[in-house]
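Undergrad: Before I ask anything, here is the structure I am working with.
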Amino acid sequence: MQTGTQSIYMQSVQLDFAHIAEAEVKAHLDMTNQAFNAAQQAISPYILSLEIKKARIQLDQLQGLGPSMSPSEIEGFDNLKGLIAEAQVKLDAQRPQYTRCLKTLLIFVGTAARYAKVDKDIARRGAILKNILKQTRESLKIIEAGSDRAFINGSLDQHLISKRGTMPLLEEEELELTKLFLESSISCIDAKQEKRLEIFATNPAIQNLLAAHEDGAIQAQSSAILFLDSGRPFFRIDSCFIPKTRPGQSIQSALEHAARTPEFIDLERLGMGLGADGAGLFRFSSQIENITGCVVLSPELSDGKPLIVPGMKHPKRLVSGIFGEVPEDIKIGLPYGTILNKFKDVANLLLEERLSAINKKGFKK
């Protein structure tokens with residue numbers, strides 16, 4: 001298993017334009033190369049994700065050998081564990097972002113299309129565009145495989161066939177159709193997200209939270225948790241069926257943490273928008289109609305500075321704001337730990353229900 005960003009990403013074809021002399025052509029190809037590197041960087045988390053999946057399959061195969069593992073297989077088993085842990089650390093630092101990947105690819109294809117208009121060397125232009133098309137196609141395959149989701153408007157191959165049938169295309173024509181495919185995919189995603197944003201904007205509790213943040217009425221380093229009409233917080237387990245595990249963490253442990261930890265909104269990220277690159281409000285989409293309240297948690301201050309309790313990594317947090325409907329005993333000044341204790345039994349019940357559902361579906365814990 002290789003953990004570098006080039007390990008799966010099209011090692012056989014690279015963009016190298018150093019030998020080209022014409023200034024205008026070279027300038028356009030330099031911009032294309034920069035766009036390629038940006039797209040490659042955006043896609044790299046998906047590459048790591050695929051490598052981790054592949055390594056875990058190998059790990060399971062070796063583990064199935066049990067005591068019959070040879071010394072070399074034991075060594076390979078230990079190496080795989082270390083490589084998975086290393087790759088997972090990198091993946092945790094830069095999570096895959098589906099829409100961002102498609103948008104960086106669109107920029108890459110767009111710069112390539114602009115280059116094609118200025119290069120009059122037909123043979124060279126065709127060869128370069130052929131490589132660019134290969135890069136784009138393989139990038140899309142990585143995104144689709146790594147995200148486990150099909151493109152909203154079908155695959156690129158389906159799109160090309162629908163536009164030109166089975167007849168071959170010039171590289172310039174295929175590049176333009178690829179550009180249209182990416183634009184259509186992104187447009188579908190943006191429209192879907194806009195529809196979700198409209199729902200969030202009309203939820204009274206979230207609407208009041210956003211207004212207070214916009215007015216600067218919320219203390220720095222604050223976060224928020226949402227409450228459902230059932231009177232409990234929105235826990236992390238509400239936003240995913242099986243949570244992602246940290247290096248060395250079992251699914252059981254990840255489920256216990258997700259069932260007992262509210263899903264937080266980092267209010268400082270609201271400045272970057274409501275989507276995945278900002279506050280990530282789409283995590284709450286499944287329960288948006290059931291969200292009735294919001295509680296803001298802010299660091300307790302001592303002499304104007306966040307109070308760090310001995311043995312704790314983060315400042316002690318207290319309820320500093322309440323919007324909408326929440327349980328009556330949640331008041332301003334209530335410690336976050338008290339909220340967790342209040343809903344401990346509810347969290348344990350959620351965990352039991354999820355474990356039962358997972359067992360019925362036959363997933364490994």
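By convention here, the chains of the structure tokens are called A, B, ... in the order presented, each chain's residues are numbered starting at 1, and ligands are numbered starting at 1 in the order presented.
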If you run DSSP on the backbone here, which positions in stretch 135-220 of chain A get helix (DSSP H, G or I)? Please write them as a PDB file with C-alpha atoms, in the first residue's frame.
TA:
```
ATOM      1  CA  GLN A 135      -6.532  12.352 -16.665  1.00  0.00           C
ATOM      2  CA  THR A 136     -10.093  13.637 -16.342  1.00  0.00           C
ATOM      3  CA  ARG A 137     -11.716  10.267 -17.024  1.00  0.00           C
ATOM      4  CA  GLU A 138      -9.532   8.449 -14.481  1.00  0.00           C
ATOM      5  CA  SER A 139     -10.102  11.218 -11.943  1.00  0.00           C
ATOM      6  CA  LEU A 140     -13.862  10.744 -12.262  1.00  0.00           C
ATOM      7  CA  LYS A 141     -13.445   6.992 -11.776  1.00  0.00           C
ATOM      8  CA  ILE A 142     -11.497   7.610  -8.558  1.00  0.00           C
ATOM      9  CA  ILE A 143     -14.120  10.029  -7.235  1.00  0.00           C
ATOM     10  CA  GLU A 144     -16.958   7.630  -8.038  1.00  0.00           C
ATOM     11  CA  ALA A 145     -15.171   4.608  -6.523  1.00  0.00           C
ATOM     12  CA  GLY A 146     -13.940   6.503  -3.463  1.00  0.00           C
ATOM     13  CA  SER A 147     -17.256   8.175  -2.691  1.00  0.00           C
ATOM     14  CA  LEU A 156     -19.411  10.499 -18.409  1.00  0.00           C
ATOM     15  CA  ASP A 157     -19.616   7.587 -20.869  1.00  0.00           C
ATOM     16  CA  GLN A 158     -23.421   7.731 -20.807  1.00  0.00           C
ATOM     17  CA  HIS A 159     -23.266  11.481 -21.356  1.00  0.00           C
ATOM     18  CA  LEU A 160     -20.908  11.158 -24.338  1.00  0.00           C
ATOM     19  CA  ILE A 161     -22.989   8.428 -25.984  1.00  0.00           C
ATOM     20  CA  SER A 162     -26.172  10.448 -25.530  1.00  0.00           C
ATOM     21  CA  LYS A 163     -24.531  13.421 -27.253  1.00  0.00           C
ATOM     22  CA  ARG A 164     -22.622  11.767 -30.089  1.00  0.00           C
ATOM     23  CA  GLU A 171     -10.318  15.567 -28.798  1.00  0.00           C
ATOM     24  CA  GLU A 172     -11.641  19.147 -28.781  1.00  0.00           C
ATOM     25  CA  GLU A 173     -15.221  17.903 -29.136  1.00  0.00           C
ATOM     26  CA  GLU A 174     -14.872  15.343 -26.372  1.00  0.00           C
ATOM     27  CA  LEU A 175     -13.278  17.963 -24.120  1.00  0.00           C
ATOM     28  CA  GLU A 176     -16.239  20.298 -24.656  1.00  0.00           C
ATOM     29  CA  LEU A 177     -18.735  17.511 -23.910  1.00  0.00           C
ATOM     30  CA  THR A 178     -16.760  16.573 -20.791  1.00  0.00           C
ATOM     31  CA  LYS A 179     -16.919  20.202 -19.690  1.00  0.00           C
ATOM     32  CA  LEU A 180     -20.709  20.205 -20.201  1.00  0.00           C
ATOM     33  CA  PHE A 181     -20.995  16.968 -18.204  1.00  0.00           C
ATOM     34  CA  LEU A 182     -19.121  18.464 -15.232  1.00  0.00           C
ATOM     35  CA  GLU A 183     -21.145  21.682 -15.410  1.00  0.00           C
ATOM     36  CA  SER A 184     -24.377  19.669 -15.418  1.00  0.00           C
ATOM     37  CA  SER A 185     -23.253  17.507 -12.469  1.00  0.00           C
ATOM     38  CA  ILE A 186     -22.257  20.540 -10.414  1.00  0.00           C
ATOM     39  CA  SER A 187     -25.453  22.366 -11.329  1.00  0.00           C
ATOM     40  CA  CYS A 188     -27.541  19.409 -10.099  1.00  0.00           C
ATOM     41  CA  ILE A 189     -25.621  19.317  -6.804  1.00  0.00           C
ATOM     42  CA  ASP A 190     -25.838  23.071  -6.264  1.00  0.00           C
ATOM     43  CA  ALA A 191     -29.591  23.051  -6.985  1.00  0.00           C
ATOM     44  CA  LYS A 192     -30.098  20.242  -4.486  1.00  0.00           C
ATOM     45  CA  GLN A 193     -28.065  22.083  -1.858  1.00  0.00           C
ATOM     46  CA  GLU A 194     -29.927  25.335  -2.493  1.00  0.00           C
ATOM     47  CA  LYS A 195     -33.197  23.506  -1.872  1.00  0.00           C
ATOM     48  CA  ARG A 196     -31.850  22.207   1.430  1.00  0.00           C
ATOM     49  CA  LEU A 197     -30.613  25.674   2.373  1.00  0.00           C
ATOM     50  CA  GLU A 198     -34.096  27.062   1.869  1.00  0.00           C
ATOM     51  CA  ILE A 199     -35.391  24.555   4.414  1.00  0.00           C
ATOM     52  CA  PHE A 200     -32.702  25.539   6.924  1.00  0.00           C
ATOM     53  CA  ALA A 201     -33.384  29.221   6.404  1.00  0.00           C
ATOM     54  CA  THR A 202     -37.046  28.747   7.334  1.00  0.00           C
ATOM     55  CA  PRO A 204     -37.051  29.208  13.347  1.00  0.00           C
ATOM     56  CA  ALA A 205     -34.363  27.922  15.721  1.00  0.00           C
ATOM     57  CA  ILE A 206     -31.629  27.905  13.082  1.00  0.00           C
ATOM     58  CA  GLN A 207     -32.856  31.185  11.620  1.00  0.00           C
ATOM     59  CA  ASN A 208     -32.491  32.878  15.027  1.00  0.00           C
ATOM     60  CA  LEU A 209     -29.046  31.310  15.514  1.00  0.00           C
ATOM     61  CA  LEU A 210     -27.840  32.636  12.155  1.00  0.00           C
ATOM     62  CA  ALA A 211     -29.256  36.082  12.909  1.00  0.00           C
ATOM     63  CA  ALA A 212     -27.499  36.223  16.295  1.00  0.00           C
ATOM     64  CA  HIS A 213     -24.234  35.169  14.706  1.00  0.00           C
ATOM     65  CA  GLU A 214     -24.618  37.758  11.960  1.00  0.00           C
TER      66      GLU A 214
END
```
Undergrad: Per DSSP on the backbone, what are the strand (DSSP E or B) residues of stretch 149-309 of chain A, as a VMD selection string?
TA: chain A and resid 223 to 228 233 235 262 264 to 266 291 to 299 301 to 302 305 to 306
Undergrad: Rank nothing, just name the residue among A:Leu307, A:Gln58, A:Thr104, A:Gly82 nearest to A:Ala42, using only C-alpha atoms.
TA: A:Thr104
Undergrad: In Å to one decimal, how far is atom CA of A:Leu50 from atom CA of A:Ile74?
TA: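 Interatomic distance, atom CA of A:Ile74 to atom CA of A:Leu50: 23.0 Å.
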Undergrad: Atom CA of A:Gly324 and atom CA of A:Phe241 are how many Å apart?
TA: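 About the pair atom CA of A:Gly324 and atom CA of A:Phe241: they are 27.3 Å apart.
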Undergrad: Atom CA of A:Ile237 and atom CA of A:Leu255, how far apart in Å?
TA: 7.2 Å
Undergrad: If you count only C-alpha atoms, which residues fall within 12 Å of A:Ala93, apart from same-chain ones fewer than 2 positions away, as a list in words?
TA: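 Near neighbours after the sequence-gap exclusion: Ser44, Pro45, Leu48, Glu86, Ala87, Gln88, Val89, Lys90, Leu91, Arg95, Pro96 and Arg246 of chain A.
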Undergrad: Pick out the closest residue to A:Gly278 from this set: A:Met31, A:Pro327, A:Thr111, A:Gln97. Count only C-alpha atoms.
TA: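 Residue with the minimum atom-to-atom distance to A:Gly278: A:Gln97.
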Undergrad: Set the distance at 12 Å and use only C-alpha atoms: which residues neighbour A:Gly231 once local chain neighbours fewer than 2 positions away are removed? I'd like the list as a PyMOL selection string.
TA: chain A and resi 226-229+233-234+290-294+324-330+339+342-343+346
Undergrad: For the selection just defined, write its residues with N, CA and C atoms to a file, as a compact mmCIF listing (two decimals), in the first residue's frame.
TA:
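Dumped everything to again31.txt:
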```
# COMPACT_ATOMS: atom_id res chain seq x y z
N LEU A 226 -28.22 21.12 18.39
CA LEU A 226 -29.63 21.25 18.04
C LEU A 226 -30.47 20.25 18.82
N PHE A 227 -31.73 20.62 19.07
CA PHE A 227 -32.65 19.75 19.79
C PHE A 227 -33.82 19.38 18.89
N LEU A 228 -34.28 18.14 19.06
CA LEU A 228 -35.39 17.61 18.27
C LEU A 228 -36.70 17.74 19.02
N ASP A 229 -37.80 17.53 18.31
CA ASP A 229 -39.12 17.65 18.95
C ASP A 229 -39.37 16.55 19.97
N PRO A 233 -31.09 15.95 22.24
CA PRO A 233 -30.19 16.56 21.26
C PRO A 233 -30.10 15.73 19.99
N PHE A 234 -29.66 16.37 18.93
CA PHE A 234 -29.32 15.68 17.69
C PHE A 234 -27.92 15.10 17.90
N ASN A 290 -37.78 18.10 12.24
CA ASN A 290 -37.97 17.76 13.65
C ASN A 290 -37.13 18.62 14.59
N ILE A 291 -36.31 19.51 14.02
CA ILE A 291 -35.46 20.38 14.85
C ILE A 291 -36.29 21.54 15.38
N THR A 292 -36.36 21.65 16.70
CA THR A 292 -37.19 22.68 17.32
C THR A 292 -36.39 23.71 18.10
N GLY A 293 -35.15 23.37 18.46
CA GLY A 293 -34.40 24.28 19.31
C GLY A 293 -32.91 24.21 19.07
N CYS A 294 -32.22 25.19 19.61
CA CYS A 294 -30.77 25.29 19.45
C CYS A 294 -30.18 25.84 20.74
N GLY A 324 -35.46 28.85 20.20
CA GLY A 324 -36.50 27.87 19.94
C GLY A 324 -36.87 27.08 21.18
N GLU A 325 -37.37 25.87 20.98
CA GLU A 325 -37.88 25.04 22.07
C GLU A 325 -36.87 23.97 22.46
N VAL A 326 -36.47 24.00 23.74
CA VAL A 326 -35.58 22.99 24.31
C VAL A 326 -36.18 22.58 25.66
N PRO A 327 -35.73 21.47 26.27
CA PRO A 327 -36.26 21.09 27.59
C PRO A 327 -36.17 22.23 28.59
N GLU A 328 -37.17 22.36 29.45
CA GLU A 328 -37.27 23.49 30.38
C GLU A 328 -36.09 23.59 31.34
N ASP A 329 -35.47 22.45 31.69
CA ASP A 329 -34.39 22.51 32.68
C ASP A 329 -33.04 22.87 32.06
N ILE A 330 -33.00 23.16 30.76
CA ILE A 330 -31.77 23.66 30.16
C ILE A 330 -31.81 25.18 30.22
N ILE A 339 -25.63 18.52 30.57
CA ILE A 339 -26.52 18.16 29.47
C ILE A 339 -26.27 16.71 29.06
N LYS A 342 -27.74 14.33 31.54
CA LYS A 342 -29.20 14.33 31.48
C LYS A 342 -29.72 13.35 30.43
N PHE A 343 -28.98 13.23 29.32
CA PHE A 343 -29.45 12.40 28.20
C PHE A 343 -28.65 11.10 28.08
N VAL A 346 -30.98 8.11 27.31
CA VAL A 346 -31.48 8.22 25.94
C VAL A 346 -30.40 7.79 24.95
```
Undergrad: Write out as a ChimeraX atom specification each polymer residue whose atoms come within 10 Å of stretch 258-264 of chain A, counting only C-alpha atoms; drop sequence neighbours fewer than 3 positions from it.
TA: /A:223-227,232-244,252-255,267,279-281,283-284,296-297,339-341,343-352,354
Undergrad: So, with only C-alpha atoms as the atoms that count, which of A:Glu24, A:Gln41, A:Gln221, A:Thr338 lies closest to A:His314?
TA: A:Gln221
Undergrad: Using only C-alpha atoms, which of A:Ala116, A:Leu80, A:Leu318, A:Met312 sits nearest A:Ser222?
TA: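 Among A:Ala116, A:Leu80, A:Leu318, A:Met312, it is A:Leu318 that comes nearest to A:Ser222.
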Undergrad: Neighbouring residues of A:Ala127 were defined as those with any atom within 12 Å, considering only C-alpha atoms; residues of the same chain fewer than 2 positions away were excluded. Please report them as a list in words.
TA: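 Non-adjacent residues within range: Val13, Leu15, Phe17, Ala116, Asp119, Asp121, Ile122, Ala123, Arg124, Arg125, Leu129, Lys130, Asn131, Ile132, Leu133, Lys134, Leu170, Glu171 and Glu172 of chain A.
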